[in-house]
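What follows is the content of structure-v1.cif (mmCIF, C-alpha atoms and all ligand atoms).
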data_input
loop_
_atom_site.label_atom_id
_atom_site.label_comp_id
_atom_site.auth_asym_id
_atom_site.auth_seq_id
_atom_site.Cartn_x
_atom_site.Cartn_y
_atom_site.Cartn_z
CA MET Z 288 -4.47 -9.67 14.68
CA PRO Z 289 -2.61 -6.93 12.81
CA ARG Z 290 -4.55 -4.12 11.19
CA THR Z 291 -4.13 -4.55 7.47
CA VAL Z 292 -4.45 -1.61 5.10
CA SER Z 293 -3.99 -1.53 1.33
CA VAL Z 294 -2.80 1.69 -0.23
CA ILE Z 295 -4.53 1.93 -3.59
CA ASN Z 296 -5.20 4.21 -6.52
CA TYR Z 297 -4.99 2.99 -10.07
CA LYS Z 298 -3.75 6.43 -10.96
CA GLY Z 299 0.05 6.46 -10.96
CA GLY Z 300 2.37 8.83 -9.15
CA VAL Z 301 -0.10 10.07 -6.54
CA GLY Z 302 2.05 9.26 -3.50
CA LYS Z 303 1.01 5.70 -2.61
CA THR Z 304 4.54 4.45 -2.08
CA THR Z 305 5.76 7.62 -0.37
CA LEU Z 306 2.91 7.45 2.14
CA THR Z 307 3.33 3.72 2.73
CA ALA Z 308 7.06 4.10 3.44
CA ASN Z 309 6.70 7.17 5.63
CA ILE Z 310 3.64 6.17 7.65
CA GLY Z 311 5.21 2.73 8.15
CA ALA Z 312 8.56 4.14 9.21
CA GLU Z 313 7.00 6.69 11.52
CA LEU Z 314 4.83 4.06 13.23
CA ALA Z 315 7.91 1.87 13.70
CA ASN Z 316 9.70 4.90 15.11
CA ARG Z 317 6.88 5.25 17.61
CA GLY Z 318 7.54 1.70 18.82
CA ARG Z 319 5.12 -0.26 16.65
CA THR Z 320 5.92 -3.47 14.82
CA VAL Z 321 5.14 -2.83 11.17
CA LEU Z 322 5.15 -4.97 8.04
CA LEU Z 323 5.21 -3.36 4.61
CA ILE Z 324 4.34 -5.45 1.55
CA ASP Z 325 5.39 -4.24 -1.90
CA LEU Z 326 2.98 -5.60 -4.52
CA ASP Z 327 4.10 -3.26 -7.29
CA PRO Z 328 6.43 -4.63 -9.99
CA GLN Z 329 8.00 -1.16 -10.12
CA SER Z 330 9.30 -2.04 -6.64
CA SER Z 331 9.61 1.59 -5.51
CA LEU Z 332 8.76 0.67 -1.94
CA THR Z 333 11.49 -1.96 -1.94
CA PHE Z 334 13.94 0.61 -3.32
CA SER Z 335 13.00 2.98 -0.51
CA PHE Z 336 14.86 0.62 1.83
CA TYR Z 337 17.36 -1.20 -0.38
CA THR Z 338 19.71 0.04 -3.07
CA ALA Z 339 19.40 -1.40 -6.56
CA ARG Z 340 22.69 -3.15 -5.99
CA GLN Z 341 21.55 -4.75 -2.74
CA TRP Z 342 18.37 -5.83 -4.47
CA GLU Z 343 20.32 -7.43 -7.31
CA GLU Z 344 22.86 -9.13 -5.11
CA GLU Z 345 20.79 -10.15 -2.11
CA LEU Z 346 17.10 -10.18 -2.98
CA GLN Z 347 16.15 -10.67 -6.60
CA ASP Z 348 16.79 -14.41 -6.97
CA GLU Z 349 15.23 -15.80 -3.83
CA ARG Z 350 13.91 -13.21 -1.47
CA THR Z 351 11.04 -11.34 -3.14
CA ILE Z 352 7.31 -11.93 -3.41
CA LEU Z 353 7.87 -13.14 -6.98
CA GLN Z 354 9.41 -16.37 -5.72
CA TRP Z 355 6.60 -16.82 -3.23
CA ILE Z 356 3.93 -16.42 -5.90
CA GLY Z 357 5.96 -18.59 -8.24
CA ALA Z 358 5.88 -21.42 -5.70
CA LEU Z 359 2.16 -20.84 -5.18
CA LEU Z 360 1.40 -21.04 -8.89
CA SER Z 361 3.48 -24.13 -9.52
CA ASP Z 362 1.97 -27.27 -8.09
CA GLY Z 363 4.69 -27.74 -5.53
CA GLN Z 364 4.38 -27.16 -1.82
CA PRO Z 365 3.58 -23.49 -1.22
CA THR Z 366 6.29 -21.72 0.77
CA PRO Z 367 5.27 -19.79 3.90
CA LEU Z 368 5.13 -16.06 3.17
CA ALA Z 369 6.89 -15.47 6.48
CA ASP Z 370 10.06 -16.88 4.90
CA PHE Z 371 10.19 -13.79 2.67
CA VAL Z 372 10.11 -11.20 5.41
CA LEU Z 373 13.15 -8.90 5.42
CA THR Z 374 14.30 -6.54 8.13
CA PRO Z 375 16.09 -3.65 6.35
CA THR Z 376 19.13 -2.67 8.36
CA ARG Z 377 19.40 1.08 8.19
CA VAL Z 378 15.86 1.99 9.11
CA ASN Z 379 15.80 -0.61 11.89
CA GLU Z 380 18.96 0.73 13.48
CA LEU Z 381 17.01 3.93 14.01
CA VAL Z 382 13.64 2.62 15.12
CA ALA Z 383 15.00 -0.12 17.40
CA ALA Z 384 15.94 2.54 19.96
CA ASN Z 385 12.22 3.16 20.46
CA GLY Z 386 11.31 -0.52 20.53
CA GLY Z 387 9.86 -0.56 17.03
CA ARG Z 388 10.52 -2.68 13.97
CA LEU Z 389 9.95 -2.24 10.26
CA ASP Z 390 9.83 -5.37 8.13
CA LEU Z 391 9.35 -5.60 4.40
CA ILE Z 392 8.29 -8.12 1.82
CA ALA Z 393 10.14 -7.01 -1.29
CA SER Z 394 8.87 -6.89 -4.84
CA HIS Z 395 10.35 -7.85 -8.18
CA LEU Z 396 10.12 -6.40 -11.68
CA GLY Z 397 9.05 -9.82 -12.92
CA LEU Z 398 5.76 -9.49 -11.04
CA ILE Z 399 4.27 -7.75 -14.05
CA ASP Z 400 4.05 -11.03 -15.95
CA VAL Z 401 2.73 -12.89 -12.94
CA ASP Z 402 -0.21 -10.52 -12.69
CA GLN Z 403 -1.16 -11.53 -16.21
CA ASP Z 404 -0.72 -15.23 -15.42
CA LEU Z 405 -2.97 -14.87 -12.41
CA ALA Z 406 -5.62 -13.07 -14.44
CA ALA Z 407 -5.39 -15.79 -17.07
CA GLU Z 408 -6.09 -18.38 -14.39
CA LEU Z 409 -9.34 -16.59 -13.81
CA GLY Z 410 -10.38 -16.50 -17.44
CA GLY Z 411 -8.74 -13.22 -18.44
CA SER Z 412 -8.98 -9.69 -17.21
CA ARG Z 413 -12.75 -9.88 -16.64
CA PHE Z 414 -12.02 -12.00 -13.55
CA GLN Z 415 -14.83 -14.49 -14.11
CA VAL Z 416 -16.60 -15.31 -10.89
CA THR Z 417 -17.37 -18.71 -12.37
CA SER Z 418 -13.71 -19.71 -12.30
CA PRO Z 419 -13.00 -22.47 -9.79
CA ASN Z 420 -9.81 -20.60 -8.92
CA PHE Z 421 -11.52 -17.33 -8.07
CA LEU Z 422 -11.36 -17.67 -4.29
CA ARG Z 423 -7.95 -19.31 -4.18
CA VAL Z 424 -6.29 -16.59 -6.24
CA HIS Z 425 -8.11 -13.70 -4.57
CA ARG Z 426 -7.34 -15.10 -1.13
CA MET Z 427 -3.67 -15.87 -1.71
CA LEU Z 428 -2.45 -13.02 0.45
CA ALA Z 429 -5.30 -13.16 2.99
CA ASP Z 430 -4.60 -16.84 3.64
CA ALA Z 431 -0.85 -16.33 3.82
CA LEU Z 432 -1.21 -13.49 6.32
CA ALA Z 433 -3.43 -15.61 8.57
CA ASP Z 434 -0.25 -17.49 9.54
CA ASP Z 435 0.62 -17.09 13.24
CA ALA Z 436 3.97 -15.61 12.22
CA PHE Z 437 2.16 -12.39 11.28
CA GLY Z 438 0.35 -12.08 14.60
CA GLN Z 439 3.28 -10.07 15.97
CA TYR Z 440 2.59 -7.06 13.72
CA ASP Z 441 0.55 -4.10 14.87
CA VAL Z 442 0.07 -2.89 11.31
CA VAL Z 443 0.47 -4.37 7.83
CA LEU Z 444 0.59 -1.85 4.99
CA ILE Z 445 0.28 -3.08 1.41
CA ASP Z 446 1.59 -0.83 -1.36
CA CYS Z 447 -0.38 -1.64 -4.52
CA PRO Z 448 0.52 -0.98 -8.16
CA PRO Z 449 -1.32 1.75 -10.08
CA ASN Z 450 -3.92 -0.59 -11.55
CA PHE Z 451 -6.77 -2.82 -10.45
CA GLY Z 452 -5.05 -6.06 -11.45
CA MET Z 453 -4.77 -9.29 -9.55
CA ALA Z 454 -2.12 -8.13 -7.09
CA THR Z 455 -4.21 -5.13 -6.06
CA ARG Z 456 -7.33 -7.30 -5.79
CA ALA Z 457 -5.51 -9.82 -3.58
CA GLY Z 458 -4.22 -6.92 -1.48
CA ILE Z 459 -7.72 -5.56 -0.98
CA VAL Z 460 -9.16 -8.98 -0.09
CA ALA Z 461 -6.47 -9.28 2.60
CA SER Z 462 -7.25 -5.81 4.03
CA GLU Z 463 -9.81 -4.50 6.45
CA ARG Z 464 -9.32 -1.03 5.08
CA VAL Z 465 -8.00 0.83 2.08
CA LEU Z 466 -6.22 4.16 1.99
CA VAL Z 467 -6.49 6.26 -1.16
CA PRO Z 468 -3.84 8.90 -1.83
CA ALA Z 469 -4.93 11.41 -4.46
CA LYS Z 470 -3.70 14.64 -5.95
CA PRO Z 471 -5.94 17.68 -5.58
CA ASP Z 472 -6.82 17.95 -9.25
CA TYR Z 473 -10.21 17.60 -10.82
CA LEU Z 474 -9.44 14.31 -12.56
CA SER Z 475 -8.56 12.73 -9.23
CA SER Z 476 -12.10 13.19 -7.95
CA LEU Z 477 -13.46 11.45 -11.02
CA GLY Z 478 -10.86 8.75 -10.56
CA ILE Z 479 -11.80 8.14 -6.95
CA ASN Z 480 -15.43 7.62 -7.90
CA TYR Z 481 -14.38 5.13 -10.54
CA LEU Z 482 -12.14 3.40 -8.02
CA ARG Z 483 -15.01 3.15 -5.56
CA GLY Z 484 -17.09 1.46 -8.24
CA ARG Z 485 -14.35 -1.07 -8.95
CA LEU Z 486 -13.95 -1.71 -5.24
CA SER Z 487 -17.63 -2.36 -4.71
CA ASP Z 488 -17.74 -4.61 -7.80
CA LEU Z 489 -14.87 -6.63 -6.37
CA VAL Z 490 -16.54 -6.92 -2.97
CA GLY Z 491 -19.87 -7.86 -4.60
CA ASP Z 492 -18.32 -10.52 -6.84
CA TYR Z 493 -16.15 -11.92 -4.10
CA ASN Z 494 -18.94 -12.17 -1.56
CA LYS Z 495 -21.23 -13.80 -4.13
CA VAL Z 496 -18.62 -16.50 -4.70
CA VAL Z 497 -18.16 -16.92 -0.94
CA LEU Z 498 -21.90 -17.42 -0.51
CA ALA Z 499 -22.07 -19.95 -3.35
CA ASP Z 500 -19.09 -21.72 -1.80
CA SER Z 501 -21.35 -22.32 1.22
CA GLY Z 502 -19.41 -20.02 3.47
CA THR Z 503 -16.12 -21.79 4.09
CA VAL Z 504 -14.45 -18.37 4.16
CA PRO Z 505 -15.95 -15.15 5.50
CA PRO Z 506 -17.23 -12.35 3.25
CA ILE Z 507 -15.08 -9.22 3.02
CA THR Z 508 -16.00 -5.67 3.93
CA PRO Z 509 -12.97 -3.51 3.10
CA GLU Z 510 -13.71 0.06 3.98
CA ILE Z 511 -12.24 3.21 2.47
CA MET Z 512 -10.61 4.62 5.60
CA GLY Z 513 -9.89 7.86 3.84
CA VAL Z 514 -8.54 9.80 0.93
CA VAL Z 515 -5.22 11.50 1.65
CA VAL Z 516 -4.72 14.57 -0.50
CA THR Z 517 -1.08 14.69 -1.55
CA MET Z 518 1.21 17.09 -3.40
CA VAL Z 519 -0.79 20.18 -2.52
CA GLN Z 520 0.82 23.32 -3.89
CA TYR Z 521 0.99 26.35 -1.63
CA THR Z 522 1.26 30.02 -2.22
CA GLY Z 523 2.16 31.63 1.09
CA VAL Z 524 0.25 29.85 3.83
CA ARG Z 525 -2.62 28.68 1.64
CA PRO Z 526 -3.01 26.07 -1.08
CA ILE Z 527 -3.24 27.57 -4.56
CA THR Z 528 -6.83 28.40 -5.45
CA VAL Z 529 -7.53 25.43 -7.70
CA HIS Z 530 -6.19 23.01 -5.10
CA ARG Z 531 -8.14 24.67 -2.32
CA GLU Z 532 -11.32 24.37 -4.36
CA ASN Z 533 -10.72 20.75 -5.21
CA ILE Z 534 -9.94 19.87 -1.60
CA ARG Z 535 -13.16 21.58 -0.53
CA ALA Z 536 -15.13 19.73 -3.21
CA LEU Z 537 -13.69 16.43 -2.05
CA ALA Z 538 -14.59 17.19 1.56
CA ALA Z 539 -18.16 17.89 0.47
CA THR Z 540 -18.61 14.37 -0.92
CA GLU Z 541 -19.58 11.54 1.40
CA LEU Z 542 -16.09 10.08 1.07
CA PRO Z 543 -13.99 10.03 4.23
CA VAL Z 544 -11.07 12.41 3.76
CA PHE Z 545 -8.03 12.80 6.03
CA ARG Z 546 -7.93 16.17 7.69
CA GLN Z 547 -4.19 16.35 7.20
CA THR Z 548 -3.00 16.89 3.64
CA MET Z 549 0.54 16.62 2.31
CA ARG Z 550 2.19 19.44 0.47
CA GLN Z 551 4.30 19.28 -2.64
CA SER Z 552 7.99 19.49 -1.88
CA SER Z 553 10.37 18.96 -4.75
CA ALA Z 554 13.24 19.78 -2.42
CA LEU Z 555 12.51 16.75 -0.23
CA PHE Z 556 11.27 14.27 -2.80
CA GLY Z 557 13.13 15.46 -5.87
CA GLN Z 558 16.28 13.39 -5.59
CA GLY Z 559 14.59 10.02 -5.93
CA GLY Z 560 16.44 8.85 -2.80
CA GLU Z 561 16.83 5.18 -3.73
CA GLY Z 562 17.89 2.95 -0.89
CA SER Z 563 17.91 5.82 1.53
CA LEU Z 564 15.69 6.37 4.51
CA PRO Z 565 12.12 7.62 4.21
CA VAL Z 566 11.87 11.37 4.74
CA VAL Z 567 10.39 10.95 8.25
CA LEU Z 568 13.56 9.25 9.43
CA THR Z 569 16.13 11.25 7.50
CA PRO Z 570 18.27 13.15 10.01
CA GLY Z 571 18.53 16.90 9.75
CA ILE Z 572 15.23 17.54 8.00
CA ASN Z 573 13.19 20.31 9.49
CA ASP Z 574 10.37 21.00 7.15
CA THR Z 575 6.62 21.49 7.20
CA VAL Z 576 6.29 18.22 5.27
CA LEU Z 577 7.75 16.40 8.23
CA TYR Z 578 5.14 17.91 10.52
CA GLU Z 579 2.44 16.90 8.04
CA LEU Z 580 3.71 13.33 7.92
CA HIS Z 581 3.68 13.15 11.71
CA GLN Z 582 0.12 14.43 11.84
CA LEU Z 583 -0.95 12.10 9.07
CA THR Z 584 0.54 9.14 10.91
CA SER Z 585 -1.30 10.06 14.11
CA GLU Z 586 -4.55 10.44 12.21
CA PHE Z 587 -3.95 7.14 10.44
CA TYR Z 588 -3.18 5.29 13.64
CA ALA Z 589 -6.20 6.71 15.44
CA LYS Z 590 -8.44 5.60 12.58
CA ILE Z 591 -7.17 2.04 12.36
CA ARG Z 592 -7.50 1.49 16.07
CA VAL Z 593 -11.25 2.07 15.98
N1 LIG U 601 4.71 15.59 -1.29
C1 LIG U 601 5.46 15.38 -2.37
N2 LIG U 601 6.06 16.43 -3.00
C2 LIG U 601 6.80 16.23 -4.10
N3 LIG U 601 7.04 15.04 -4.64
C3 LIG U 601 6.49 13.97 -4.07
C4 LIG U 601 5.66 14.07 -2.91
N4 LIG U 601 5.27 12.82 -2.56
C5 LIG U 601 5.81 11.99 -3.45
N5 LIG U 601 6.54 12.66 -4.36
C6 LIG U 601 7.30 12.11 -5.50
O1 LIG U 601 6.37 11.85 -6.54
C7 LIG U 601 6.71 10.65 -7.21
C8 LIG U 601 5.54 9.68 -7.12
O2 LIG U 601 5.34 9.35 -5.77
P1 LIG U 601 5.05 7.85 -5.35
O3 LIG U 601 6.04 6.94 -5.97
O4 LIG U 601 4.91 7.82 -3.88
O5 LIG U 601 3.64 7.65 -6.04
P2 LIG U 601 2.87 6.29 -6.35
O6 LIG U 601 1.44 6.60 -6.30
O7 LIG U 601 3.36 5.21 -5.48
O8 LIG U 601 3.35 6.02 -7.84
P3 LIG U 601 3.10 4.67 -8.68
O9 LIG U 601 1.66 4.71 -9.05
O10 LIG U 601 4.01 4.81 -9.85
O11 LIG U 601 3.41 3.53 -7.79
C9 LIG U 601 7.97 10.12 -6.56
O12 LIG U 601 9.08 10.57 -7.29
C10 LIG U 601 7.95 10.78 -5.19
O13 LIG U 601 9.25 10.97 -4.66
MG MG U 602 4.11 3.33 -5.96
#
Go ahead and express the file in the form of structure tokens.
Amino acid sequence: MPRTVSVINYKGGVGKTTLTANIGAELANRGRTVLLIDLDPQSSLTFSFYTARQWEEELQDERTILQWIGALLSDGQPTPLADFVLTPTRVNELVAANGGRLDLIASHLGLIDVDQDLAAELGGSRFQVTSPNFLRVHRMLADALADDAFGQYDVVLIDCPPNFGMATRAGIVASERVLVPAKPDYLSSLGINYLRGRLSDLVGDYNKVVLADSGTVPPITPEIMGVVVTMVQYTGVRPITVHRENIRALAATELPVFRQTMRQSSALFGQGGEGSLPVVLTPGINDTVLYELHQLTSEFYAKIRV
């Protein structure tokens, strides 16, 4: 069974997609078979591997998760999720040399409306546990990933949108663990506590419904595998004071925190790099950020193997 991890934070722009793309690409480069799933209508993860033009010409009409969910929501025969798996060319040309593979399930801008439709199926954004559809909708991804076709993956990484909507909830239900990227500012710590509350509400509600359903599906126990502190600003060899203090404060909570942090680098991430390779695989880069991403990937992989 693959290890499945959702990358979540309802706060936007904290590095979820960047970490998903880079950890995924680095694991593939180390010979692992990796599946990335883009659940965000913004589709930034998809555009990390495909250009906007490729997306328009080759993916948008038939080959994104939107069409899969569309089939699921209509009464017709649901399509296997495995039919939507893509193998982006450029990144795979590089990782194949080491025996790895990086696959992707692409997203679609139209997903934003679907999230609302899904919530409506459950009686609106309060996600009523009394809805007969509660388990079916929450388990859509978990059930789809149970397909034998996904047994080949060592790791599945799910990039979630910056909210706690239906796509994120389905991602969490399908995951054994969640990874929480966060910036080292004070508001982030408050945000993480709020996120933890939402996560435990989801788990509580879900497991209550499972119990009432007389246990046809197992309860879930997604675990926060760690907070990754991103976009740390340095002065000389040390983080700026306010970041250092916030990192220390975070480490003092009972939350698991990755030892490796990721520094801010406008030089590496400034250009937006659509359709290009993730930083870890971009030739000619020799930067501390690269070292940090390597360390982070090792730490990540060690944690998920336990
Ligand atoms: N270490 C870094 N230094 C500087 N810029 C970064 C760094 N990591 C990511 N970025 C940039 O910050 C922006 C937000 O990053 P990213 O898209 O990964 O965040 P996100 O949490 O996925 O955002 P969203 O919530 O919108 O999905 C992007 O433009 C990205 O290139
Ligand atoms: Mg993102």
Which residues sit within 9 Å of ligand MG 602 (chain U), counting only C-alpha atoms and all ligand atoms, listed as a PDB file with C-alpha atoms, in the coordinates of the input?
ATOM      1  CA  GLY Z 299       0.050   6.460 -10.960  1.00  0.00           C
ATOM      2  CA  GLY Z 300       2.370   8.830  -9.150  1.00  0.00           C
ATOM      3  CA  VAL Z 301      -0.100  10.070  -6.540  1.00  0.00           C
ATOM      4  CA  GLY Z 302       2.050   9.260  -3.500  1.00  0.00           C
ATOM      5  CA  LYS Z 303       1.010   5.700  -2.610  1.00  0.00           C
ATOM      6  CA  THR Z 304       4.540   4.450  -2.080  1.00  0.00           C
ATOM      7  CA  THR Z 305       5.760   7.620  -0.370  1.00  0.00           C
ATOM      8  CA  THR Z 307       3.330   3.720   2.730  1.00  0.00           C
ATOM      9  CA  ASP Z 325       5.390  -4.240  -1.900  1.00  0.00           C
ATOM     10  CA  ASP Z 327       4.100  -3.260  -7.290  1.00  0.00           C
ATOM     11  CA  GLN Z 329       8.000  -1.160 -10.120  1.00  0.00           C
ATOM     12  CA  SER Z 330       9.300  -2.040  -6.640  1.00  0.00           C
ATOM     13  CA  SER Z 331       9.610   1.590  -5.510  1.00  0.00           C
ATOM     14  CA  LEU Z 332       8.760   0.670  -1.940  1.00  0.00           C
ATOM     15  CA  ASP Z 446       1.590  -0.830  -1.360  1.00  0.00           C
ATOM     16  CA  CYS Z 447      -0.380  -1.640  -4.520  1.00  0.00           C
ATOM     17  CA  PRO Z 448       0.520  -0.980  -8.160  1.00  0.00           C
ATOM     18  CA  PRO Z 449      -1.320   1.750 -10.080  1.00  0.00           C
TER      19      PRO Z 449
END
As AutoDock Vina command-line options, what would the box around ligand LIG 601 (chain U) look like: edges along x, y and z, 8 Å added on every side, centre and edge lengths in Å to one decimal?
--center_x 5.3 --center_y 10.0 --center_z -5.6 --size_x 23.8 --size_y 28.9 --size_z 24.6
For atom CA of Z:Ala457 and atom CA of Z:Ala499, the interatomic separation in Å (one decimal):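 Going from atom CA of Z:Ala457 over to atom CA of Z:Ala499 covers 19.4 Å.
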Neighbours of point (-1.2, 15.4, 2.7) within 10 Å, using only C-alpha atoms, written as a PyMOL selection string: chain Z and resi 302+306+468-471+514-519+545-551+576+579-580+582-583
Could you save the residues just selected, with C-alpha atoms, as a compact mmCIF listing (two decimals), in the frame of the given file?
# COMPACT_ATOMS: atom_id res chain seq x y z
CA GLY Z 302 2.05 9.26 -3.50
CA LEU Z 306 2.91 7.45 2.14
CA PRO Z 468 -3.84 8.90 -1.83
CA ALA Z 469 -4.93 11.41 -4.46
CA LYS Z 470 -3.70 14.64 -5.95
CA PRO Z 471 -5.94 17.68 -5.58
CA VAL Z 514 -8.54 9.80 0.93
CA VAL Z 515 -5.22 11.50 1.65
CA VAL Z 516 -4.72 14.57 -0.50
CA THR Z 517 -1.08 14.69 -1.55
CA MET Z 518 1.21 17.09 -3.40
CA VAL Z 519 -0.79 20.18 -2.52
CA PHE Z 545 -8.03 12.80 6.03
CA ARG Z 546 -7.93 16.17 7.69
CA GLN Z 547 -4.19 16.35 7.20
CA THR Z 548 -3.00 16.89 3.64
CA MET Z 549 0.54 16.62 2.31
CA ARG Z 550 2.19 19.44 0.47
CA GLN Z 551 4.30 19.28 -2.64
CA VAL Z 576 6.29 18.22 5.27
CA GLU Z 579 2.44 16.90 8.04
CA LEU Z 580 3.71 13.33 7.92
CA GLN Z 582 0.12 14.43 11.84
CA LEU Z 583 -0.95 12.10 9.07
Shell of 12 Å around Z:Val529, all atoms listed in the file, local chain residues under 3 positions omitted, as a compact mmCIF listing (two decimals) with C-alpha atoms, keeping the file's coordinate frame:
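Written out: around_17.txt:
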# COMPACT_ATOMS: atom_id res chain seq x y z
CA LYS Z 470 -3.70 14.64 -5.95
CA PRO Z 471 -5.94 17.68 -5.58
CA ASP Z 472 -6.82 17.95 -9.25
CA TYR Z 473 -10.21 17.60 -10.82
CA VAL Z 519 -0.79 20.18 -2.52
CA GLN Z 520 0.82 23.32 -3.89
CA TYR Z 521 0.99 26.35 -1.63
CA THR Z 522 1.26 30.02 -2.22
CA ARG Z 525 -2.62 28.68 1.64
CA PRO Z 526 -3.01 26.07 -1.08
CA GLU Z 532 -11.32 24.37 -4.36
CA ASN Z 533 -10.72 20.75 -5.21
CA ILE Z 534 -9.94 19.87 -1.60
CA ARG Z 535 -13.16 21.58 -0.53
CA ALA Z 536 -15.13 19.73 -3.21
Interatomic distance (Å, one decimal) between atom N3 of ligand LIG 601 (chain U) and atom CA of Z:Ser552: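 Separating atom N3 of ligand LIG 601 (chain U) from atom CA of Z:Ser552 is a distance of 5.3 Å.
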Point (12.8, -1.4, 19.2), cut-off 9 Å, counting all atoms listed in the file, residues as a ChimeraX atom specification: /Z:315-316,318-320,379-388
Atom CA of Z:Ala393 to atom CA of Z:Gly438, distance in Å rounded to a single decimal: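 Atom CA of Z:Gly438 lies at a distance of 19.3 Å from atom CA of Z:Ala393.
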Exercise: Z:Glu510 partners within 10 Å, only C-alpha atoms, chain neighbours under 6 positions left out, as number ranges by chain: Z: 292, 459, 462-466, 486-487, 543
Best match for closeness to Z:Val504 among Z:Asn450, Z:Arg423, Z:Val401, Z:Ser563, counting all atoms listed in the file: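 Smallest separation from Z:Val504 among the options: Z:Arg423.
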